[in-house]
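Structure file input.cif (mmCIF, C-alpha atoms and all ligand atoms) is printed below.
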```
data_query
#
loop_
_atom_site.label_atom_id
_atom_site.label_comp_id
_atom_site.auth_asym_id
_atom_site.auth_seq_id
_atom_site.Cartn_x
_atom_site.Cartn_y
_atom_site.Cartn_z
CA MET A 1 4.66 115.49 66.90
CA ASN A 2 5.71 112.68 69.29
CA THR A 3 6.81 109.68 67.28
CA GLU A 4 8.63 107.87 70.10
CA THR A 5 7.38 104.70 71.74
CA LYS A 6 7.41 104.90 75.55
CA PRO A 7 10.91 103.94 76.77
CA ALA A 8 11.56 101.72 79.83
CA TYR A 9 11.86 103.83 82.96
CA SER A 10 13.20 103.09 86.46
CA PRO A 11 12.85 106.00 88.93
CA GLY A 12 16.22 106.88 90.43
CA LEU A 13 17.82 104.47 87.91
CA ALA A 14 17.13 101.70 90.45
CA GLY A 15 18.37 98.40 89.08
CA VAL A 16 19.65 99.99 85.87
CA VAL A 17 23.08 98.80 84.73
CA ALA A 18 24.75 102.02 83.55
CA GLY A 19 28.16 100.67 82.57
CA GLU A 20 30.80 98.00 83.08
CA THR A 21 33.55 98.07 85.68
CA SER A 22 36.32 95.74 86.75
CA ILE A 23 37.08 97.74 89.92
CA CYS A 24 34.45 96.70 92.40
CA TRP A 25 31.45 94.41 92.74
CA VAL A 26 28.62 95.04 95.21
CA ASP A 27 26.68 91.83 95.81
CA PRO A 28 23.10 92.66 96.90
CA ASN A 29 23.37 89.71 99.33
CA ALA A 30 25.83 91.51 101.61
CA GLY A 31 29.03 90.99 99.63
CA LEU A 32 31.70 93.36 98.34
CA MET A 33 34.82 92.72 96.29
CA TYR A 34 37.65 95.00 95.15
CA ARG A 35 39.05 93.65 91.90
CA GLY A 36 38.07 90.13 92.90
CA TYR A 37 39.25 90.28 96.53
CA ASP A 38 36.70 89.88 99.31
CA ILE A 39 36.41 93.05 101.42
CA HIS A 40 36.62 91.09 104.66
CA LYS A 41 40.04 89.66 103.79
CA VAL A 42 41.25 93.00 102.42
CA ALA A 43 40.08 94.93 105.49
CA GLU A 44 41.78 92.42 107.78
CA GLN A 45 45.14 92.31 106.05
CA ALA A 46 45.80 95.35 103.84
CA ASN A 47 46.41 99.00 104.55
CA PHE A 48 44.80 101.86 102.65
CA GLU A 49 47.80 102.42 100.37
CA GLU A 50 47.64 98.80 99.17
CA VAL A 51 43.95 99.16 98.44
CA ALA A 52 44.41 102.47 96.63
CA TYR A 53 47.12 100.83 94.51
CA LEU A 54 44.85 97.86 93.80
CA LEU A 55 41.96 100.11 92.76
CA LEU A 56 44.11 102.33 90.54
CA LYS A 57 46.37 99.70 88.99
CA GLY A 58 44.31 96.50 89.04
CA GLU A 59 46.70 94.31 91.06
CA LEU A 60 48.07 94.30 94.61
CA PRO A 61 51.56 95.80 94.91
CA ASN A 62 54.61 93.78 95.93
CA ALA A 63 56.66 95.11 98.86
CA GLN A 64 58.84 97.38 96.69
CA GLU A 65 55.86 98.71 94.71
CA LEU A 66 54.01 99.45 97.92
CA MET A 67 56.97 101.31 99.37
CA ASP A 68 57.37 103.37 96.18
CA PHE A 69 53.64 104.11 96.06
CA GLY A 70 53.61 105.21 99.71
CA ARG A 71 56.59 107.49 99.03
CA GLU A 72 54.88 108.97 95.99
CA ILE A 73 51.78 109.79 98.03
CA ALA A 74 53.93 111.28 100.79
CA ALA A 75 55.86 113.41 98.30
CA ASN A 76 52.63 114.91 96.96
CA ARG A 77 50.83 115.74 100.20
CA GLU A 78 51.83 119.35 100.61
CA LEU A 79 49.35 121.91 99.29
CA PRO A 80 50.49 124.67 96.94
CA GLU A 81 50.89 127.92 98.92
CA PRO A 82 48.08 129.75 97.01
CA VAL A 83 45.68 126.95 98.02
CA LEU A 84 46.63 127.47 101.66
CA ASP A 85 46.11 131.22 101.19
CA MET A 86 42.67 130.52 99.72
CA LEU A 87 41.76 128.30 102.70
CA ARG A 88 42.65 131.20 105.01
CA LEU A 89 40.25 133.46 103.11
CA LEU A 90 37.22 131.18 103.45
CA PRO A 91 34.57 131.95 106.09
CA LYS A 92 35.33 129.96 109.25
CA ARG A 93 31.83 128.52 109.37
CA MET A 94 31.89 127.09 105.84
CA HIS A 95 31.08 123.38 105.93
CA PRO A 96 34.23 121.25 105.42
CA MET A 97 32.57 119.44 102.48
CA ASP A 98 32.14 122.80 100.73
CA VAL A 99 35.73 123.68 101.60
CA LEU A 100 36.86 120.37 100.15
CA ARG A 101 34.93 120.89 96.91
CA THR A 102 36.42 124.38 96.55
CA GLY A 103 39.91 123.11 97.39
CA VAL A 104 39.81 120.25 94.88
CA SER A 105 38.68 122.70 92.22
CA MET A 106 41.58 125.04 92.97
CA LEU A 107 44.14 122.22 93.05
CA ALA A 108 43.38 121.61 89.37
CA ALA A 109 45.19 124.85 88.54
CA PHE A 110 48.45 123.45 89.92
CA ASP A 111 48.47 120.05 88.22
CA PRO A 112 50.73 120.01 85.15
CA ASP A 113 48.88 116.95 83.79
CA LEU A 114 45.42 118.50 84.10
CA ASN A 115 44.28 118.09 80.50
CA ASP A 116 46.27 114.96 79.65
CA HIS A 117 43.78 112.07 79.91
CA SER A 118 46.30 109.34 79.03
CA HIS A 119 46.35 106.39 81.43
CA GLU A 120 49.79 107.33 82.81
CA ALA A 121 48.90 110.98 83.39
CA ASN A 122 45.62 109.99 85.01
CA VAL A 123 47.44 107.70 87.45
CA ARG A 124 49.83 110.55 88.34
CA LYS A 125 46.88 112.86 88.98
CA ALA A 126 45.12 110.21 91.03
CA ILE A 127 48.13 109.90 93.34
CA ARG A 128 48.25 113.69 93.77
CA LEU A 129 44.53 113.81 94.50
CA ILE A 130 44.68 110.98 97.04
CA ALA A 131 47.60 112.72 98.74
CA ARG A 132 46.10 116.21 98.76
CA VAL A 133 42.46 115.54 99.59
CA SER A 134 43.69 114.34 102.98
CA THR A 135 45.79 117.49 103.46
CA LEU A 136 42.97 119.77 102.31
CA ILE A 137 40.81 118.40 105.09
CA THR A 138 43.38 118.48 107.88
CA ASP A 139 44.87 121.87 106.96
CA ALA A 140 41.52 123.53 106.30
CA TRP A 141 40.15 122.28 109.59
CA ARG A 142 43.11 123.54 111.57
CA ILE A 143 42.93 126.92 109.80
CA SER A 144 39.19 127.17 110.56
CA GLN A 145 40.05 126.61 114.24
CA GLY A 146 42.63 129.41 114.21
CA LYS A 147 45.56 126.97 114.21
CA ASP A 148 48.43 126.56 111.78
CA PRO A 149 48.69 123.48 109.56
CA ILE A 150 51.42 121.13 110.70
CA ALA A 151 54.05 119.33 108.63
CA ASP A 152 53.50 115.73 107.56
CA ASN A 153 55.00 112.84 109.45
CA ASN A 154 56.08 110.68 106.56
CA ASN A 155 57.03 107.79 108.85
CA LEU A 156 53.30 107.22 109.26
CA THR A 157 50.90 105.60 106.78
CA HIS A 158 48.30 107.71 105.01
CA ALA A 159 45.80 106.95 107.79
CA GLY A 160 48.35 107.62 110.53
CA ASN A 161 49.48 110.87 108.96
CA PHE A 162 45.86 112.02 108.64
CA LEU A 163 45.36 111.51 112.39
CA TYR A 164 48.64 113.25 113.17
CA LYS A 165 47.97 116.22 110.88
CA LEU A 166 44.50 116.76 112.29
CA THR A 167 45.36 116.57 115.97
CA GLY A 168 49.10 117.27 116.15
CA LYS A 169 49.46 114.18 118.33
CA ASP A 170 51.12 110.85 117.54
CA PRO A 171 48.30 108.34 117.07
CA GLU A 172 48.25 104.95 118.81
CA THR A 173 49.11 101.99 116.58
CA TRP A 174 45.63 100.53 117.11
CA GLN A 175 44.01 103.80 116.06
CA VAL A 176 46.00 103.84 112.83
CA ARG A 177 45.01 100.22 112.16
CA MET A 178 41.33 101.05 112.75
CA LEU A 179 41.41 104.11 110.50
CA ASP A 180 43.17 102.07 107.80
CA THR A 181 40.34 99.54 107.98
CA ILE A 182 37.73 102.30 107.80
CA PHE A 183 39.45 103.85 104.78
CA ILE A 184 39.46 100.41 103.14
CA LEU A 185 35.74 99.95 103.79
CA TYR A 186 34.95 103.36 102.29
CA ALA A 187 37.36 103.21 99.32
CA ASP A 188 34.95 102.11 96.59
CA HIS A 189 31.40 100.93 96.02
CA GLU A 190 30.87 100.62 92.25
CA PHE A 191 28.31 103.06 90.78
CA ASN A 192 27.33 104.87 94.01
CA ALA A 193 26.02 108.39 93.42
CA SER A 194 29.31 110.30 93.80
CA THR A 195 31.30 107.85 91.68
CA PHE A 196 28.59 107.88 89.04
CA ALA A 197 28.67 111.69 89.05
CA ALA A 198 32.45 111.52 88.59
CA ARG A 199 32.06 109.10 85.68
CA VAL A 200 29.38 111.25 84.00
CA THR A 201 31.71 114.24 84.21
CA ALA A 202 34.71 112.24 82.99
CA SER A 203 32.64 110.80 80.13
CA THR A 204 32.44 114.26 78.54
CA LEU A 205 36.27 114.11 78.50
CA ALA A 206 36.42 116.68 81.25
CA ASP A 207 39.45 116.24 83.53
CA MET A 208 39.86 114.17 86.70
CA TYR A 209 39.64 117.24 88.98
CA ALA A 210 36.35 118.29 87.38
CA ALA A 211 35.10 114.74 87.99
CA CYS A 212 36.20 114.84 91.63
CA VAL A 213 34.54 118.25 92.14
CA SER A 214 31.28 116.69 90.88
CA ALA A 215 31.87 113.75 93.19
CA CYS A 216 32.52 115.96 96.24
CA GLY A 217 29.31 117.87 95.58
CA THR A 218 27.39 114.62 95.32
CA LEU A 219 28.94 112.98 98.36
CA LYS A 220 27.78 115.86 100.56
CA GLY A 221 24.08 114.98 100.44
CA PRO A 222 22.58 113.15 103.45
CA LEU A 223 21.17 110.35 101.29
CA HIS A 224 24.77 109.49 100.38
CA GLY A 225 27.98 110.45 102.24
CA GLY A 226 26.31 113.11 104.38
CA ALA A 227 24.48 110.30 106.21
CA ASN A 228 27.47 109.67 108.48
CA GLU A 229 27.22 113.23 109.82
CA GLU A 230 23.44 113.12 110.20
CA SER A 231 23.67 109.74 111.96
CA ILE A 232 25.68 111.15 114.85
CA TYR A 233 23.14 113.94 115.45
CA MET A 234 20.45 111.25 115.56
CA LEU A 235 22.44 109.04 117.96
CA ASN A 236 23.16 112.00 120.21
CA GLU A 237 19.46 112.85 120.29
CA ILE A 238 18.58 109.27 121.26
CA GLY A 239 21.28 109.26 123.94
CA THR A 240 20.78 105.86 125.55
CA ALA A 241 19.89 102.33 124.38
CA ASP A 242 16.69 102.18 126.44
CA ARG A 243 15.30 105.14 124.46
CA ALA A 244 16.25 103.78 121.03
CA GLU A 245 13.24 101.58 120.27
CA ALA A 246 10.63 104.20 121.18
CA TRP A 247 12.59 106.88 119.32
CA MET A 248 12.70 104.76 116.18
CA LYS A 249 8.99 103.86 116.29
CA ASP A 250 8.05 107.50 116.75
CA ALA A 251 10.31 108.59 113.87
CA LEU A 252 8.89 105.91 111.58
CA ALA A 253 5.32 106.87 112.53
CA LYS A 254 6.21 110.41 111.48
CA LYS A 255 7.53 109.00 108.16
CA LYS A 256 11.04 110.28 108.84
CA LYS A 257 14.05 108.98 106.91
CA ILE A 258 16.31 107.34 109.45
CA MET A 259 19.94 108.06 108.71
CA GLY A 260 22.27 105.06 108.53
CA PHE A 261 19.52 102.72 107.35
CA GLY A 262 18.54 101.41 103.92
CA HIS A 263 20.54 100.96 100.77
CA ARG A 264 19.83 101.05 97.06
CA VAL A 265 21.69 97.78 96.36
CA TYR A 266 21.99 95.81 99.61
CA LYS A 267 18.73 94.27 100.62
CA SER A 268 19.95 91.67 103.12
CA GLY A 269 22.62 93.69 104.92
CA ASP A 270 25.56 95.96 104.14
CA SER A 271 28.77 93.92 103.82
CA ARG A 272 30.71 96.63 105.69
CA VAL A 273 28.49 96.81 108.77
CA PRO A 274 29.83 93.78 110.70
CA ILE A 275 33.41 95.11 110.46
CA MET A 276 32.44 98.68 111.38
CA ARG A 277 30.28 97.41 114.26
CA GLU A 278 33.25 95.51 115.70
CA ILE A 279 35.47 98.58 115.36
CA ALA A 280 32.85 100.57 117.30
CA ARG A 281 32.70 97.87 119.99
CA ASP A 282 36.48 97.64 120.24
CA TYR A 283 36.97 101.42 120.39
CA GLY A 284 34.22 101.76 122.99
CA GLN A 285 35.82 99.14 125.22
CA ARG A 286 39.27 100.68 124.91
CA ILE A 287 38.15 104.16 125.98
CA GLY A 288 35.35 103.20 128.37
CA LYS A 289 32.48 104.30 126.12
CA PRO A 290 30.61 101.08 125.37
CA GLU A 291 27.18 102.72 125.05
CA TRP A 292 27.14 103.49 121.31
CA VAL A 293 26.92 99.91 120.05
CA PRO A 294 23.85 98.94 122.15
CA ILE A 295 22.02 102.06 120.89
CA CYS A 296 22.79 101.11 117.28
CA GLU A 297 21.93 97.45 117.85
CA THR A 298 18.56 98.36 119.33
CA LEU A 299 17.87 100.61 116.35
CA GLU A 300 18.88 97.77 114.01
CA LYS A 301 16.52 95.29 115.68
CA THR A 302 13.64 97.76 115.71
CA MET A 303 14.11 98.78 112.08
CA GLU A 304 14.36 95.14 110.98
CA ARG A 305 11.12 94.32 112.78
CA GLU A 306 9.19 97.44 111.76
CA LYS A 307 10.31 97.94 108.14
CA GLY A 308 12.61 95.04 107.22
CA LEU A 309 15.42 97.51 106.51
CA CYS A 310 19.08 96.96 107.38
CA ALA A 311 21.67 99.36 108.74
CA ASN A 312 24.31 100.72 106.39
CA VAL A 313 27.95 101.42 107.17
CA ASP A 314 27.28 105.06 108.12
CA LEU A 315 25.28 104.11 111.22
CA TYR A 316 28.39 102.68 112.90
CA ALA A 317 30.93 105.01 111.24
CA ALA A 318 29.30 107.95 113.03
CA PRO A 319 30.03 106.85 116.64
CA VAL A 320 33.45 105.50 115.64
CA PHE A 321 34.41 108.94 114.31
CA THR A 322 33.08 110.55 117.48
CA MET A 323 35.21 108.21 119.59
CA PHE A 324 38.24 109.17 117.48
CA GLY A 325 37.45 112.72 118.60
CA PHE A 326 36.66 113.95 115.09
CA PRO A 327 34.28 116.93 114.90
CA SER A 328 30.99 115.74 113.35
CA GLU A 329 31.35 118.09 110.34
CA LEU A 330 34.42 116.10 109.34
CA ASN A 331 32.60 112.76 109.13
CA THR A 332 31.77 113.09 105.44
CA PRO A 333 35.11 114.66 104.43
CA ILE A 334 36.85 111.70 106.12
CA PHE A 335 34.78 109.40 103.89
CA ALA A 336 36.16 111.45 100.95
CA VAL A 337 39.80 110.95 102.08
CA SER A 338 39.26 107.32 101.19
CA ARG A 339 36.63 107.41 98.43
CA VAL A 340 38.80 109.71 96.30
CA ALA A 341 40.80 106.56 95.47
CA GLY A 342 37.64 104.95 94.07
CA TRP A 343 36.60 108.12 92.21
CA CYS A 344 40.01 108.33 90.52
CA ALA A 345 40.07 104.62 89.64
CA HIS A 346 36.67 105.02 87.98
CA VAL A 347 37.74 108.14 86.08
CA ILE A 348 40.78 106.23 84.77
CA GLU A 349 38.55 103.34 83.72
CA GLN A 350 36.09 105.74 82.08
CA HIS A 351 38.77 107.63 80.15
CA ASP A 352 40.52 104.40 79.09
CA ASN A 353 37.37 103.16 77.36
CA ASN A 354 35.13 106.16 77.06
CA ARG A 355 31.61 106.58 75.83
CA LEU A 356 29.56 109.65 76.74
CA ILE A 357 27.07 108.87 79.52
CA ARG A 358 23.86 110.50 78.42
CA PRO A 359 20.58 108.82 79.36
CA ARG A 360 17.10 109.85 78.25
CA SER A 361 14.26 111.31 80.26
CA LEU A 362 10.59 110.51 80.06
CA TYR A 363 8.71 113.63 78.97
CA VAL A 364 5.69 114.23 81.20
CA GLY A 365 4.96 117.86 80.20
CA PRO A 366 2.01 119.17 78.20
CA ALA A 367 1.16 117.49 74.90
CA GLU A 368 1.92 119.47 71.78
CA ARG A 369 -0.31 122.56 71.59
CA PRO A 370 -0.62 125.54 69.29
CA TYR A 371 1.79 128.41 70.01
CA PRO A 372 -0.33 131.50 70.77
CA GLY A 373 1.88 133.87 68.75
CA ALA A 374 2.24 137.65 69.16
CA ALA A 375 -1.46 138.30 70.00
CA ARG A 376 -1.18 136.78 73.53
CA GLY A 377 -1.45 138.91 76.63
C1 LIG B 1 20.01 104.92 100.91
C2 LIG B 1 18.62 105.30 100.40
C3 LIG B 1 18.70 106.70 99.76
C4 LIG B 1 18.16 104.29 99.37
O1 LIG B 1 16.99 104.76 98.83
P1 LIG B 1 16.08 103.88 97.85
O2 LIG B 1 16.84 102.78 97.24
O3 LIG B 1 15.42 104.83 96.92
O4 LIG B 1 15.08 103.23 98.86
P2 LIG B 1 13.52 103.27 98.73
O5 LIG B 1 13.06 104.69 98.78
O6 LIG B 1 13.15 102.47 97.53
O7 LIG B 1 13.06 102.54 100.05
C5 LIG B 1 12.10 101.56 100.10
C6 LIG B 1 11.20 101.81 101.29
O8 LIG B 1 11.98 101.87 102.47
C7 LIG B 1 11.82 103.15 103.08
N1 LIG B 1 13.13 103.56 103.54
C8 LIG B 1 14.32 103.41 102.91
N2 LIG B 1 15.30 103.89 103.67
C9 LIG B 1 14.72 104.35 104.79
C10 LIG B 1 15.22 104.97 105.93
N3 LIG B 1 16.54 105.21 106.07
N4 LIG B 1 14.37 105.34 106.90
C11 LIG B 1 13.04 105.11 106.77
N5 LIG B 1 12.50 104.52 105.70
C12 LIG B 1 13.33 104.15 104.72
C13 LIG B 1 11.32 104.05 102.00
O9 LIG B 1 10.61 105.13 102.53
C14 LIG B 1 10.43 103.11 101.24
O10 LIG B 1 9.25 102.91 101.99
P3 LIG B 1 7.84 102.81 101.28
O11 LIG B 1 7.95 101.62 100.36
O12 LIG B 1 6.90 102.65 102.41
O13 LIG B 1 7.68 104.08 100.52
C15 LIG B 1 17.60 105.33 101.55
O14 LIG B 1 17.56 104.06 102.15
C16 LIG B 1 17.91 106.39 102.58
O15 LIG B 1 17.51 107.55 102.41
N6 LIG B 1 18.64 106.05 103.67
C17 LIG B 1 19.00 107.03 104.68
C18 LIG B 1 20.25 107.78 104.27
C19 LIG B 1 21.47 106.93 104.37
O16 LIG B 1 21.74 106.29 105.37
N7 LIG B 1 22.28 106.98 103.30
C20 LIG B 1 23.54 106.26 103.23
C21 LIG B 1 23.45 105.13 102.26
S1 LIG B 1 24.89 104.12 102.32
#
```

Turn the structure described in the file into structure tokens.
Amino acid sequence: MNTETKPAYSPGLAGVVAGETSICWVDPNAGLMYRGYDIHKVAEQANFEEVAYLLLKGELPNAQELMDFGREIAANRELPEPVLDMLRLLPKRMHPMDVLRTGVSMLAAFDPDLNDHSHEANVRKAIRLIARVSTLITDAWRISQGKDPIADNNNLTHAGNFLYKLTGKDPETWQVRMLDTIFILYADHEFNASTFAARVTASTLADMYAACVSACGTLKGPLHGGANEESIYMLNEIGTADRAEAWMKDALAKKKKIMGFGHRVYKSGDSRVPIMREIARDYGQRIGKPEWVPICETLEKTMEREKGLCANVDLYAAPVFTMFGFPSELNTPIFAVSRVAGWCAHVIEQHDNNRLIRPRSLYVGPAERPYPGAARG
């Protein structure tokens, strides 16, 4: 017998406040702050290591703390040999997001702090995860291409080393700076789907690796992190700016979801878009490929006029990654290289002040009815 009154319900949890955080604030009116610092200032002045430190520890590091933190990340980058062996066994065509999820899961076996959820142990695990997610992606990609992984260059920052490990070439200073900025933009975004998945997992007092496996699985989907891969296929299909408006109108008429547009929280623009757009413009000018930005801008204008929807960061991340020379399948994993810092910060916050996350559902099945018993059939 149903004795419950009908509970409040918001499909997709839209607008529902599911917890408190002091890590990040997304302002629906195109603002974003990491622990009280405006993203525009952070993106301009910090590097990824500083931001990861800020997210994990709550304050910006001083020069010595930053140096120590960078060294700790560098010291933890190498993958355990059995993980490398496992990467060699995977089918070459496996999507890098699936490889990443599998790799993070296996890394758990090699972390001596796995089941210690104390604040200190969680910070140690977070540093290992930040260090090794990057290596999982670069090493796995090289292995899938029939190449050997290459040793780290610990004179480079996390962003610089990522570029070096992927390509085997020394990156330009401006490329490292751009990738640092991109990592900063992607590092956290309060209760986005993958972070929320990580927090749900952590809230059962499962470990940080389990939480990051949940997060990797969630990031993959095209409505979330997977959008930056889908966006490049869309931009390639459009090809030139003069085709963009007609393409968009046709897609909207067919009720298609346009990748790189819309957002659950931002309704008057994504705070990260102006920075990413300028990176795309700058990169395009430097390498003589200025055509991406006009395509995106035409799409933005058309979408604004037709549906009142704004672009999100993934629209511009997609061509930027292409200009870097990254294979499209790596677009979402590269997002994870950075977002793992946010996932870990949220797991630490969850474990430090835990309450099981367990919402209700609204039952819409049949009303109570008599059970037919053994005579049925
Ligand atoms: C991000 C996203 C999942 C948010 O979804 P949401 O908050 O549930 O948005 P809603 O479904 O409430 O959207 C409101 C309206 O805009 C439409 N809409 C939202 N995003 C759209 C998009 N990218 N393309 C076309 N229409 C879109 C919806 O169809 C809906 O229209 P309707 O009222 O006529 O039915 C959604 O915008 C989307 O799928 N975007 C594309 C994927 C993407 O870029 N993801 C990365 C996000 S950072």

Selection within 10 Å of ligand LIG 1 (chain B) by only C-alpha atoms and all ligand atoms, output as a VMD selection string: chain A and resid 11 to 15 189 192 to 193 219 221 to 231 248 251 to 267 270 303 306 to 315

Pick out the residues sitting within 12 Å of Arg281 in chain A, and hand them over as a PyMOL selection string; count all atoms listed in the file, and ignore anything fewer than 2 positions along from it in its own chain. chain A and resi 178+274-279+283-297+316-317+319-320+323

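Using only C-alpha atoms, the smallest distance between any of A:Ala336, A:Tyr209, A:Ser271, A:Phe69 and Lys125 in chain A comes from A:Tyr209.
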
Contact residues around Arg35 in chain A with all atoms listed in the file at 12 Å, ignoring same-chain residues under 2 positions, as a PDB file with C-alpha atoms, keeping the file's coordinate frame:
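So part.pdb came out as:
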```pdb
ATOM      1  CA  THR A  21      33.550  98.070  85.680  1.00  0.00           C
ATOM      2  CA  SER A  22      36.320  95.740  86.750  1.00  0.00           C
ATOM      3  CA  ILE A  23      37.080  97.740  89.920  1.00  0.00           C
ATOM      4  CA  CYS A  24      34.450  96.700  92.400  1.00  0.00           C
ATOM      5  CA  TRP A  25      31.450  94.410  92.740  1.00  0.00           C
ATOM      6  CA  VAL A  26      28.620  95.040  95.210  1.00  0.00           C
ATOM      7  CA  LEU A  32      31.700  93.360  98.340  1.00  0.00           C
ATOM      8  CA  MET A  33      34.820  92.720  96.290  1.00  0.00           C
ATOM      9  CA  TYR A  37      39.250  90.280  96.530  1.00  0.00           C
ATOM     10  CA  ASP A  38      36.700  89.880  99.310  1.00  0.00           C
ATOM     11  CA  ILE A  39      36.410  93.050 101.420  1.00  0.00           C
ATOM     12  CA  VAL A  42      41.250  93.000 102.420  1.00  0.00           C
ATOM     13  CA  VAL A  51      43.950  99.160  98.440  1.00  0.00           C
ATOM     14  CA  ALA A  52      44.410 102.470  96.630  1.00  0.00           C
ATOM     15  CA  TYR A  53      47.120 100.830  94.510  1.00  0.00           C
ATOM     16  CA  LEU A  54      44.850  97.860  93.800  1.00  0.00           C
ATOM     17  CA  LEU A  55      41.960 100.110  92.760  1.00  0.00           C
ATOM     18  CA  LEU A  56      44.110 102.330  90.540  1.00  0.00           C
ATOM     19  CA  LYS A  57      46.370  99.700  88.990  1.00  0.00           C
ATOM     20  CA  GLY A  58      44.310  96.500  89.040  1.00  0.00           C
ATOM     21  CA  GLU A  59      46.700  94.310  91.060  1.00  0.00           C
ATOM     22  CA  LEU A  60      48.070  94.300  94.610  1.00  0.00           C
ATOM     23  CA  ASP A 188      34.950 102.110  96.590  1.00  0.00           C
ATOM     24  CA  HIS A 189      31.400 100.930  96.020  1.00  0.00           C
ATOM     25  CA  GLU A 190      30.870 100.620  92.250  1.00  0.00           C
ATOM     26  CA  GLY A 342      37.640 104.950  94.070  1.00  0.00           C
ATOM     27  CA  ALA A 345      40.070 104.620  89.640  1.00  0.00           C
TER      28      ALA A 345
END
```

If we count only C-alpha atoms, what is near Asp139 in chain A at a cut-off of 8 Å, once residues fewer than 6 positions away on the same chain are taken out, given as an MDAnalysis selection string? chainID A and resid 84 148:150 165:166

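With only C-alpha atoms as the atoms that count, the residue of A:Phe110, A:Phe326, A:Tyr233, A:Tyr186 with the shortest distance to Arg339 in chain A is A:Tyr186.
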
Find the residues around Ile130 in chain A up to 9 Å (all atoms listed in the file counted), leave out those fewer than 4 positions away in its own chain, and share them as an NGL selection string. :A and (52 or 73 or 76-77 or 125-126 or 134 or 337-341 or 344)
